[in-house]
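A.B. asks: Got a structure here, written out as structure tokens. Questions coming.
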Amino acid sequence: MTRQILLPTSVRMEMVKTFKITRSTLDRALKYKGNSARDNMLRKAAFQRFGRRIEVVVHLGSNRTTIHIDGQRVASFDDLTVSTWGNMLYSLQLIYNRLADPHPAYTPKAKHAEAKVRAAIQ
């Protein structure tokens, strides 16, 4: 299984400036291409800054994809197409936005709509 930590560009740029490293150094660490103390520190910092709220695990051999939210498996897919992959990522971005910055307008009605989106990608 290939691992990679995906971060928004703003977080990546903040890390490059904070740790005084190059983008390629950060990329190597986030793609688990190295296992040095610095690589491990950068991965740990990425999780601290962005959290492990949503994880997407793709098993390249079987093309089985599982989604974990706050450490709990919530969905599983077999043989995702490009279209389905895009829909899934869009839905996960919406979910992450709600988890990261809950808005007071996020009513039960909005939660119901989000549940429909989740169901549509399954």
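Labeling convention for the structure tokens: chains A, B, ... as they appear, residues from 1 per chain, ligands from 1 in order of appearance.
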With the cut-off set at 10 Å and counting only C-alpha atoms, tabulate each residue of segment 28-84 of chain A with an atom at most that distance from an atom of segment 91-96 of chain A, showing the nearest atom pair and its distance in Å to one decimal, ordered by chain and increasing number, as a Markdown table.

C.D. replies:
| residue | atom | partner | partner_atom | distance |
| --- | --- | --- | --- | --- |
| A:Arg53 | CA | A:Tyr96 | CA | 7.5 |
| A:Ile54 | CA | A:Tyr96 | CA | 7.0 |
| A:Glu55 | CA | A:Leu92 | CA | 9.5 |
| A:Val56 | CA | A:Leu92 | CA | 9.3 |
| A:Ile67 | CA | A:Leu92 | CA | 9.1 |
| A:Ile69 | CA | A:Tyr96 | CA | 9.1 |

A.B. asks: Tell me, as number ranges by chain, which residues lie within 12 Å of Ala45 of chain A, counting only C-alpha atoms; anything in the same chain fewer than 4 positions away does not count.

C.D. replies: A: 5, 7, 11-12, 14-16, 18-19, 26, 29-30, 38-41, 49-52

A.B. asks: If you run DSSP on this backbone, which residues of chain A come out as strand (DSSP E), and could you give them as a list of chain:residue names?

C.D. replies: A:Ile54, A:Glu55, A:Val56, A:Val57, A:Val58, A:His59, A:Arg64, A:Thr65, A:Thr66, A:Ile67, A:His68, A:Ile69, A:Gln72, A:Arg73, A:Val74, A:Ala75, A:Ser76, A:Phe77, A:Asp78

A.B. asks: Find the residues near His59 of chain A: any atom within 12 Å, counting only C-alpha atoms, skip ones fewer than 5 places away on the same chain, and give them as an mmCIF file with N, CA and C atoms, in the first residue's frame.

C.D. replies:
data_model
loop_
_atom_site.group_PDB
_atom_site.id
_atom_site.type_symbol
_atom_site.label_atom_id
_atom_site.label_comp_id
_atom_site.auth_asym_id
_atom_site.auth_seq_id
_atom_site.Cartn_x
_atom_site.Cartn_y
_atom_site.Cartn_z
ATOM 1 N N MET A 1 0.847 -1.171 0.000
ATOM 2 C CA MET A 1 0.000 0.000 0.000
ATOM 3 C C MET A 1 0.891 1.233 0.000
ATOM 4 N N THR A 2 0.586 2.186 -0.864
ATOM 5 C CA THR A 2 1.311 3.443 -0.934
ATOM 6 C C THR A 2 0.623 4.453 -0.039
ATOM 7 N N ARG A 3 1.415 5.160 0.764
ATOM 8 C CA ARG A 3 0.862 6.143 1.687
ATOM 9 C C ARG A 3 1.263 7.533 1.236
ATOM 10 N N ARG A 64 -9.485 -1.345 -3.817
ATOM 11 C CA ARG A 64 -10.489 -1.157 -2.766
ATOM 12 C C ARG A 64 -10.127 0.098 -1.991
ATOM 13 N N THR A 65 -11.101 0.974 -1.799
ATOM 14 C CA THR A 65 -10.894 2.238 -1.116
ATOM 15 C C THR A 65 -11.765 2.273 0.128
ATOM 16 N N THR A 66 -11.163 2.634 1.246
ATOM 17 C CA THR A 66 -11.932 2.793 2.480
ATOM 18 C C THR A 66 -11.765 4.214 2.990
ATOM 19 N N ILE A 67 -12.813 4.719 3.613
ATOM 20 C CA ILE A 67 -12.806 6.065 4.165
ATOM 21 C C ILE A 67 -12.994 5.953 5.671
ATOM 22 N N SER A 76 -16.756 2.097 2.199
ATOM 23 C CA SER A 76 -15.813 1.261 1.480
ATOM 24 C C SER A 76 -16.286 1.148 0.032
ATOM 25 N N PHE A 77 -15.344 1.191 -0.910
ATOM 26 C CA PHE A 77 -15.679 1.146 -2.330
ATOM 27 C C PHE A 77 -14.774 0.150 -3.044
ATOM 28 N N ASP A 78 -15.304 -0.476 -4.068
ATOM 29 C CA ASP A 78 -14.521 -1.330 -4.952
ATOM 30 C C ASP A 78 -14.530 -0.726 -6.342
ATOM 31 N N ASP A 79 -13.388 -0.730 -7.011
ATOM 32 C CA ASP A 79 -13.270 -0.295 -8.410
ATOM 33 C C ASP A 79 -13.873 1.080 -8.666
ATOM 34 N N LEU A 80 -13.355 2.100 -7.993
ATOM 35 C CA LEU A 80 -13.821 3.468 -8.233
ATOM 36 C C LEU A 80 -13.451 3.918 -9.636
#

A.B. asks: For a quick check of understanding, using only C-alpha atoms, which of A:Gly34, A:Gly61, A:Lys17, A:Ile121 has the smallest distance to Tyr90 of chain A?

C.D. replies: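 When distances to Tyr90 of chain A are compared using only C-alpha atoms, the smallest one comes from A:Ile121.
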